$ cat structure_15.tsv   # TSV, C-alpha atoms
chain	number	residue	atom	x	y	z
A	232	MET	CA	57.62	109.09	20.53
A	233	ILE	CA	56.97	107.08	23.66
A	234	ILE	CA	59.38	108.40	26.28
A	235	ASP	CA	59.81	106.88	29.73
A	236	ILE	CA	60.89	109.18	32.57
A	237	VAL	CA	62.35	107.35	35.56
A	238	GLY	CA	62.48	109.71	38.52
A	239	ALA	CA	59.61	112.16	38.87
A	240	GLY	CA	61.48	114.84	40.76
A	241	ALA	CA	61.76	118.45	39.60
A	242	LEU	CA	64.04	117.76	36.64
A	243	GLY	CA	62.13	114.65	35.56
A	244	LEU	CA	58.83	116.51	35.62
A	245	LEU	CA	60.33	119.48	33.77
A	246	TYR	CA	61.59	117.36	30.89
A	247	GLY	CA	58.65	114.98	30.94
A	248	GLY	CA	56.04	117.71	31.15
A	249	LYS	CA	57.49	119.72	28.27
A	250	LEU	CA	57.96	116.60	26.13
A	251	LEU	CA	54.34	115.69	26.81
A	252	ALA	CA	53.13	119.20	25.97
A	253	SER	CA	55.00	119.07	22.64
A	254	GLY	CA	53.12	115.97	21.50
A	255	ASN	CA	55.07	112.99	22.80
A	256	GLN	CA	53.62	110.13	24.83
A	257	VAL	CA	55.33	110.25	28.22
A	258	ARG	CA	55.24	107.61	30.95
A	259	PHE	CA	56.45	108.57	34.44
A	260	TRP	CA	57.90	105.90	36.74
A	261	THR	CA	57.99	106.38	40.50
A	262	ARG	CA	59.10	104.25	43.43
A	263	THR	CA	55.65	103.46	44.81
A	264	THR	CA	52.07	103.17	43.61
A	265	ALA	CA	51.08	105.90	46.07
A	266	GLN	CA	53.54	108.34	44.48
A	267	ALA	CA	52.28	107.47	41.00
A	268	ASP	CA	48.67	107.92	42.10
A	269	LEU	CA	49.48	111.30	43.64
A	270	LEU	CA	51.04	112.50	40.41
A	271	SER	CA	48.11	111.16	38.35
A	272	HIS	CA	45.61	112.80	40.69
A	273	ASN	CA	47.21	116.26	40.90
A	274	GLY	CA	48.79	116.69	37.48
A	275	VAL	CA	51.64	119.20	37.28
A	276	THR	CA	52.15	122.83	36.32
A	277	ILE	CA	55.45	123.95	34.80
A	278	VAL	CA	56.21	127.61	35.46
A	279	GLU	CA	58.61	129.33	33.08
A	280	GLN	CA	59.62	132.95	32.67
A	281	ASP	CA	57.04	133.72	29.99
A	282	GLU	CA	54.43	130.95	30.30
A	283	GLU	CA	52.83	128.21	32.35
A	284	ILE	CA	52.23	124.69	31.06
A	285	HIS	CA	49.38	122.87	32.75
A	286	ILE	CA	49.54	119.08	32.52
A	287	LEU	CA	46.11	117.86	33.58
A	288	PRO	CA	45.66	114.67	35.62
A	289	ASP	CA	44.05	112.80	32.72
A	290	GLN	CA	47.19	113.49	30.64
A	291	ILE	CA	49.51	111.87	33.17
A	292	GLN	CA	50.62	108.26	32.81
A	293	ALA	CA	52.36	107.32	36.05
A	294	LYS	CA	53.15	103.89	37.48
A	295	PRO	CA	55.57	102.41	40.01
A	296	VAL	CA	58.94	101.47	38.51
A	297	SER	CA	58.33	97.83	39.46
A	298	GLU	CA	55.92	97.67	36.50
A	299	LEU	CA	58.33	99.20	33.99
A	300	THR	CA	59.84	96.03	32.52
A	301	ASP	CA	56.50	94.28	31.92
A	302	THR	CA	55.07	97.43	30.36
A	303	TRP	CA	58.15	97.98	28.21
A	304	LYS	CA	58.12	94.38	26.91
A	305	ASN	CA	54.53	94.82	25.72
A	306	THR	CA	54.87	98.42	24.53
A	307	PRO	CA	58.52	99.45	24.17
A	308	GLY	CA	59.40	103.10	24.51
A	309	GLU	CA	61.75	104.84	22.10
A	310	TRP	CA	63.78	106.45	24.87
A	311	LEU	CA	64.14	106.20	28.63
A	312	LEU	CA	65.37	109.33	30.43
A	313	LEU	CA	66.99	108.26	33.69
A	314	MET	CA	66.52	111.10	36.18
A	315	VAL	CA	67.26	109.37	39.49
A	316	LYS	CA	70.39	110.23	41.46
A	317	GLN	CA	73.56	108.18	41.56
A	318	THR	CA	72.51	106.75	44.90
A	319	SER	CA	69.50	105.08	43.25
A	320	ILE	CA	71.31	103.52	40.29
A	321	ASP	CA	71.66	100.09	41.90
A	322	ASP	CA	67.94	100.01	42.70
A	323	PHE	CA	67.11	100.97	39.12
A	324	ILE	CA	69.40	98.26	37.71
A	325	HIS	CA	67.67	95.70	39.90
A	326	GLU	CA	64.29	96.74	38.51
A	327	ILE	CA	65.33	96.81	34.86
A	328	SER	CA	67.59	93.73	34.83
A	329	PRO	CA	64.92	91.56	33.07
A	330	LEU	CA	65.59	93.71	29.98
A	331	GLN	CA	69.25	92.70	29.76
A	332	ASP	CA	68.76	91.00	26.38
A	333	HIS	CA	66.84	93.93	24.90
A	334	VAL	CA	68.09	97.13	23.28
A	335	VAL	CA	66.91	99.99	25.50
A	336	ASN	CA	67.86	103.56	24.59
A	337	ILE	CA	68.76	105.30	27.86
A	338	ALA	CA	69.82	108.91	28.40
A	339	CYS	CA	71.52	109.28	31.78
A	340	PHE	CA	71.25	112.62	33.59
A	341	GLN	CA	73.30	111.76	36.70
A	342	ASN	CA	75.96	113.87	38.39
A	343	GLY	CA	79.28	112.22	39.13
A	344	MET	CA	80.66	109.10	37.50
A	345	GLY	CA	80.49	105.33	37.71
A	346	HIS	CA	76.85	104.77	36.77
A	347	LEU	CA	77.42	104.28	33.04
A	348	ALA	CA	79.79	101.36	33.56
A	349	LYS	CA	77.26	99.73	35.90
A	350	LEU	CA	74.43	100.21	33.43
A	351	HIS	CA	76.50	98.88	30.54
A	352	ALA	CA	77.37	95.75	32.52
A	353	ALA	CA	73.69	95.19	33.36
A	354	LEU	CA	72.31	96.09	29.91
A	355	PRO	CA	75.12	95.20	27.47
A	356	LYS	CA	72.97	95.44	24.33
A	357	SER	CA	71.47	98.82	25.13
A	358	LEU	CA	72.39	102.25	23.81
A	359	LEU	CA	73.55	104.48	26.64
A	360	CYS	CA	73.90	108.23	26.30
A	361	SER	CA	75.34	110.71	28.74
A	362	ALA	CA	73.20	113.79	29.16
A	363	VAL	CA	75.03	116.81	30.55
A	364	THR	CA	72.66	119.63	31.38
A	365	THR	CA	72.73	123.02	33.04
A	366	GLU	CA	68.94	123.12	33.33
A	367	GLY	CA	67.65	123.81	36.82
A	368	ALA	CA	64.23	123.25	38.35
A	369	LYS	CA	62.54	123.49	41.73
A	370	ARG	CA	59.42	121.64	42.79
A	371	THR	CA	56.75	122.78	45.21
A	372	GLN	CA	53.90	120.26	45.53
A	373	SER	CA	52.36	119.95	42.04
A	374	GLN	CA	54.29	122.89	40.56
A	375	VAL	CA	57.70	122.85	38.88
A	376	ILE	CA	59.55	126.13	38.46
A	377	ARG	CA	62.14	126.26	35.68
A	378	ALA	CA	65.00	128.14	37.29
A	379	GLY	CA	66.40	129.67	34.12
A	380	THR	CA	67.07	127.92	30.82
A	381	GLY	CA	70.24	125.94	30.31
A	382	GLU	CA	71.92	123.66	27.81
A	383	THR	CA	71.59	119.90	27.32
A	384	ARG	CA	74.30	117.94	25.54
A	385	LEU	CA	73.94	114.29	24.52
A	386	GLY	CA	76.75	111.89	23.70
A	387	ARG	CA	76.95	108.13	23.22
A	388	TYR	CA	78.72	106.13	25.92
A	389	ASN	CA	79.09	102.71	24.33
A	390	THR	CA	79.54	102.16	20.61
A	391	HIS	CA	79.90	98.37	20.48
A	392	ILE	CA	76.28	97.24	20.53
A	393	VAL	CA	74.19	95.26	18.09
A	394	ALA	CA	72.92	98.28	16.15
A	395	SER	CA	75.19	99.92	13.63
A	396	THR	CA	76.82	103.26	14.32
A	397	SER	CA	74.53	105.02	11.85
A	398	ILE	CA	71.45	103.69	13.64
A	399	GLU	CA	72.86	104.72	17.03
A	400	GLU	CA	73.53	108.23	15.74
A	401	LYS	CA	70.05	108.47	14.23
A	402	ARG	CA	68.45	107.48	17.53
A	403	THR	CA	70.49	110.04	19.46
A	404	PHE	CA	69.72	112.84	17.00
A	405	THR	CA	66.03	111.87	17.14
A	406	LEU	CA	66.00	112.38	20.91
A	407	SER	CA	67.88	115.66	20.54
A	408	GLY	CA	65.31	116.85	18.00
A	409	SER	CA	62.42	115.95	20.28
A	410	LEU	CA	64.01	117.85	23.17
A	411	GLN	CA	64.55	120.86	20.91
A	412	GLN	CA	60.89	120.79	19.86
A	413	ALA	CA	59.95	120.64	23.54
A	414	GLY	CA	61.83	123.87	24.20
A	415	PHE	CA	65.26	122.69	25.35
A	416	ASP	CA	68.60	123.85	23.95
A	417	CYS	CA	69.77	120.33	23.11
A	418	THR	CA	72.52	119.18	20.75
A	419	VAL	CA	74.56	116.03	20.20
A	420	SER	CA	78.22	116.42	21.18
A	421	ASN	CA	81.23	114.41	20.05
A	422	GLU	CA	83.14	115.74	23.07
A	423	ILE	CA	80.79	114.43	25.73
A	424	ASP	CA	83.67	113.02	27.83
A	425	LYS	CA	85.19	116.49	28.11
A	426	LEU	CA	81.84	117.90	29.19
A	427	ILE	CA	81.41	115.12	31.77
A	428	TYR	CA	84.83	115.79	33.30
A	429	ARG	CA	84.17	119.53	33.26
A	430	LYS	CA	80.92	119.02	35.15
A	431	LEU	CA	82.61	116.59	37.56
A	432	LEU	CA	85.23	119.23	38.42
A	433	ILE	CA	82.59	121.93	38.96
A	434	ASN	CA	80.44	119.66	41.12
A	435	ALA	CA	83.46	118.44	43.10
A	436	VAL	CA	84.35	122.01	44.07
A	437	ILE	CA	80.94	123.64	44.54
A	438	ASN	CA	78.72	120.90	45.94
A	439	PRO	CA	80.63	119.70	49.04
A	440	LEU	CA	81.59	123.20	50.17
A	441	THR	CA	78.05	124.56	49.89
A	442	ALA	CA	76.78	121.46	51.71
A	443	LEU	CA	79.34	121.81	54.47
A	444	TRP	CA	78.90	125.56	54.97
A	445	ARG	CA	75.17	125.46	54.11
A	446	ILE	CA	75.32	128.41	51.75
A	447	PRO	CA	74.02	129.07	48.19
A	448	ASN	CA	76.51	128.80	45.33
A	449	GLY	CA	77.24	132.51	45.05
A	450	GLU	CA	78.34	132.79	48.69
A	451	LEU	CA	81.39	130.66	47.91
A	452	ILE	CA	83.18	133.52	46.18
A	453	VAL	CA	82.40	136.40	48.55
A	454	LYS	CA	85.26	135.52	50.93
A	455	GLU	CA	88.89	134.93	50.01
A	456	GLU	CA	89.15	132.13	52.59
A	457	ARG	CA	86.45	130.20	50.74
A	458	LYS	CA	88.01	130.86	47.34
A	459	ARG	CA	91.37	129.56	48.59
A	460	LEU	CA	89.79	126.25	49.56
A	461	MET	CA	87.97	126.16	46.22
A	462	ARG	CA	91.30	126.68	44.47
A	463	GLN	CA	92.88	123.88	46.48
A	464	LEU	CA	90.15	121.47	45.38
A	465	TYR	CA	90.44	122.74	41.80
A	466	ASP	CA	94.23	122.30	41.67
A	467	GLU	CA	94.00	118.74	42.98
A	468	VAL	CA	91.57	117.83	40.22
A	469	LEU	CA	93.69	119.44	37.49
A	470	LEU	CA	96.76	117.50	38.64
A	471	ILE	CA	94.83	114.23	38.46
A	472	TYR	CA	93.29	115.12	35.09
A	473	SER	CA	96.70	116.02	33.68
A	474	ALA	CA	98.14	112.68	34.78
A	475	SER	CA	95.14	110.96	33.19
A	476	GLY	CA	95.50	112.80	29.88
A	477	ILE	CA	92.24	114.73	30.37
A	478	CYS	CA	92.38	118.24	28.91
A	479	LEU	CA	89.97	121.03	29.79
A	480	ASP	CA	89.83	124.67	28.67
A	481	GLN	CA	92.65	126.97	29.76
A	482	ASP	CA	90.19	129.33	31.48
A	483	MET	CA	88.52	126.61	33.53
A	484	TRP	CA	89.05	128.45	36.84
A	485	ASP	CA	87.30	131.52	35.44
A	486	GLN	CA	84.50	129.28	34.17
A	487	LEU	CA	84.10	127.82	37.66
A	488	LEU	CA	83.81	131.28	39.20
A	489	SER	CA	81.33	132.23	36.46
A	490	VAL	CA	79.15	129.25	37.38
A	491	CYS	CA	79.08	130.45	40.98
A	492	ARG	CA	77.95	133.89	39.80
A	493	SER	CA	75.34	132.67	37.32
A	494	THR	CA	73.86	130.29	39.90
A	495	ALA	CA	74.41	132.61	42.84
A	496	THR	CA	71.06	131.99	44.52
A	497	ASN	CA	70.92	128.26	43.74
A	498	THR	CA	70.98	125.58	46.41
A	499	SER	CA	73.32	122.85	45.19
A	500	SER	CA	71.88	119.34	44.98
A	501	MET	CA	74.25	118.15	47.70
A	502	LEU	CA	73.20	120.93	50.07
A	503	ALA	CA	69.54	120.16	49.34
A	504	ASP	CA	70.16	116.50	50.19
A	505	VAL	CA	71.93	117.38	53.44
A	506	LEU	CA	69.18	119.78	54.52
A	507	ALA	CA	66.52	117.15	53.75
A	508	GLY	CA	68.37	114.38	55.60
A	509	ARG	CA	68.97	112.40	52.41
A	510	GLY	CA	72.01	110.51	51.25
A	511	THR	CA	74.24	112.51	48.88
A	512	GLU	CA	76.16	111.82	45.67
A	513	VAL	CA	79.51	112.65	47.28
A	514	ARG	CA	80.90	109.14	46.66
A	515	SER	CA	80.36	109.45	42.92
A	516	ILE	CA	81.70	113.03	42.80
A	517	ASN	CA	84.55	113.67	45.27
A	518	GLY	CA	84.88	109.94	45.87
A	519	HIS	CA	85.49	109.43	42.17
A	520	ILE	CA	88.26	112.06	42.23
A	521	VAL	CA	89.88	110.22	45.15
A	522	ARG	CA	89.67	106.88	43.32
A	523	MET	CA	91.18	108.41	40.17
A	524	ALA	CA	94.09	109.68	42.25
A	525	GLN	CA	94.64	106.31	43.91
A	526	LYS	CA	94.84	104.53	40.54
A	527	LEU	CA	97.59	106.94	39.53
A	528	ASP	CA	99.48	106.64	42.86
A	529	LEU	CA	98.56	110.25	43.56
A	530	VAL	CA	96.63	111.80	46.43
A	531	ALA	CA	93.68	114.17	46.65
A	532	PRO	CA	93.75	114.98	50.37
A	533	THR	CA	91.26	117.86	50.35
A	534	HIS	CA	88.71	115.87	48.36
A	535	GLU	CA	89.21	112.89	50.66
A	536	ILE	CA	88.60	114.99	53.77
A	537	LEU	CA	85.42	116.47	52.28
A	538	LEU	CA	84.30	112.99	51.22
A	539	HIS	CA	84.52	111.79	54.82
A	540	LEU	CA	82.96	114.95	56.24
A	541	ILE	CA	79.92	114.78	53.96
A	542	GLU	CA	79.56	111.02	54.42
A	543	GLY	CA	79.61	111.58	58.17
A	544	MET	CA	76.62	113.93	57.84
A	545	GLN	CA	74.47	111.34	56.05
A	546	PRO	CA	71.83	109.39	57.97
A	547	GLU	CA	71.99	105.61	58.01
A	548	GLY	CA	69.54	103.47	56.06
A	549	VAL	CA	68.22	106.17	53.72
A	550	ASN	CA	66.46	104.93	50.59
A	551	GLU	CA	66.81	107.55	47.86
A	552	TRP	CA	63.71	106.28	46.07
A	553	ASP	CA	61.72	107.78	48.94
A	554	PHE	CA	62.59	111.22	47.61
A	555	LEU	CA	61.93	110.87	43.90
A	556	LEU	CA	58.89	113.13	44.21
A	557	CYS	CA	60.50	115.74	46.44
$ encode --input "structure_15.tsv" --output "structure tokens"
Amino acid sequence: MIIDIVGAGALGLLYGGKLLASGNQVRFWTRTTAQADLLSHNGVTIVEQDEEIHILPDQIQAKPVSELTDTWKNTPGEWLLLMVKQTSIDDFIHEISPLQDHVVNIACFQNGMGHLAKLHAALPKSLLCSAVTTEGAKRTQSQVIRAGTGETRLGRYNTHIVASTSIEEKRTFTLSGSLQQAGFDCTVSNEIDKLIYRKLLINAVINPLTALWRIPNGELIVKEERKRLMRQLYDEVLLIYSASGICLDQDMWDQLLSVCRSTATNTSSMLADVLAGRGTEVRSINGHIVRMAQKLDLVAPTHEILLHLIEGMQPEGVNEWDFLLC
């Protein structure tokens, strides 16, 4: 397959590199020509627990995202994996808007919520999939370290497009199969909404607190004072979910604590953004919880306070595309 990867950060290079190594044609799309040239010149090495995958420079196809639509019109890709953060969605939509009358298969790997509705409005004929993953990766120059294997779950967002349901399902299962062949634990889920809301809850509790206290995930549960604030955030979300008719597992609190333990040494994406002086995804994570509460005439005071605290830490005028290769 021809697979387009938009966002050549650690996760984009992990997926793209392994898909390339398993026999697919992969095209990487970056913000600038300079970033694309750097990737094409250096290549990338993916470091896993039991092997290293060396993607040589002459194997890399990398171009600035401004050239994506013209390239795609001439040589369409089967799938586009969207690996940019929520804060870059509007920029991506601007770049890809000339394809509004085409059917583009897009798998969206964003944290938080709100991006799928925007993409559907901009690309009404396209097939959009949510991709919920627990894969983790770190990048150092031209090396990507896979920080433990995780799970990837795919699920269709919009069902009312030109293609029939059977064709949509076939396309989604084809992508899942390619990801499996590339070495990812990937399956298609018919409960993707539940998985999205589960991940939103986990991110809404872990990410802002680690960013505020500047600690790795595991440090959240070593003090009772921290766990009490975690529980407060958790309870606010459950109240809002209950009022919205969203049901999660009964042991969700234990699952949340388990995530902190299993990712104990990890730096959350929000903390990484704060430390690097980047904008964060707090508006699409905690901000989304606050907006859900407002629509139900409820309140989420702890989430709202953290939303304002994290927003107050963000620099003005940051362009997230500047950090796609960080």
$ axis_aligned_box --input "structure_15.tsv" --around "region 271-274 of chain A" --padding-each-side "3 Å" --output "JSON"
{"center_x": 47.2, "center_y": 113.9, "center_z": 39.2, "size_x": 9.2, "size_y": 11.5, "size_z": 9.4}
$ atom_distance --input "structure_15.tsv" --atom1 "CA of Ser373 (chain A)" --atom2 "CA of Thr300 (chain A)"
26.8 Å
$ residues_around --input "structure_15.tsv" --residues "region 337-354 of chain A" --least-positions-apart "4" --cutoff "7 Å" --atoms "all atoms listed in the file" --output "ChimeraX atom specification"
/A:310-314,316-317,320,324,328,331,358-363,431,515-516,519
$ closest_residue --input "structure_15.tsv" --among "A:Ile327, A:Leu385, A:Ile452, A:Leu527" --to "Arg402 (chain A)" --atoms "all atoms listed in the file"
A:Leu385
$ atom_distance --input "structure_15.tsv" --atom1 "CA of Ser357 (chain A)" --atom2 "CA of Arg384 (chain A)"
19.3 Å
$ atom_distance --input "structure_15.tsv" --atom1 "CA of Asn448 (chain A)" --atom2 "CA of Val278 (chain A)"
22.6 Å
$ residues_near_point --input "structure_15.tsv" --point "(74.3, 121.2, 34.0)" --cutoff "9 Å" --atoms "only C-alpha atoms" --output "PyMOL selection string"
chain A and resi 342+362-367+381-383+430
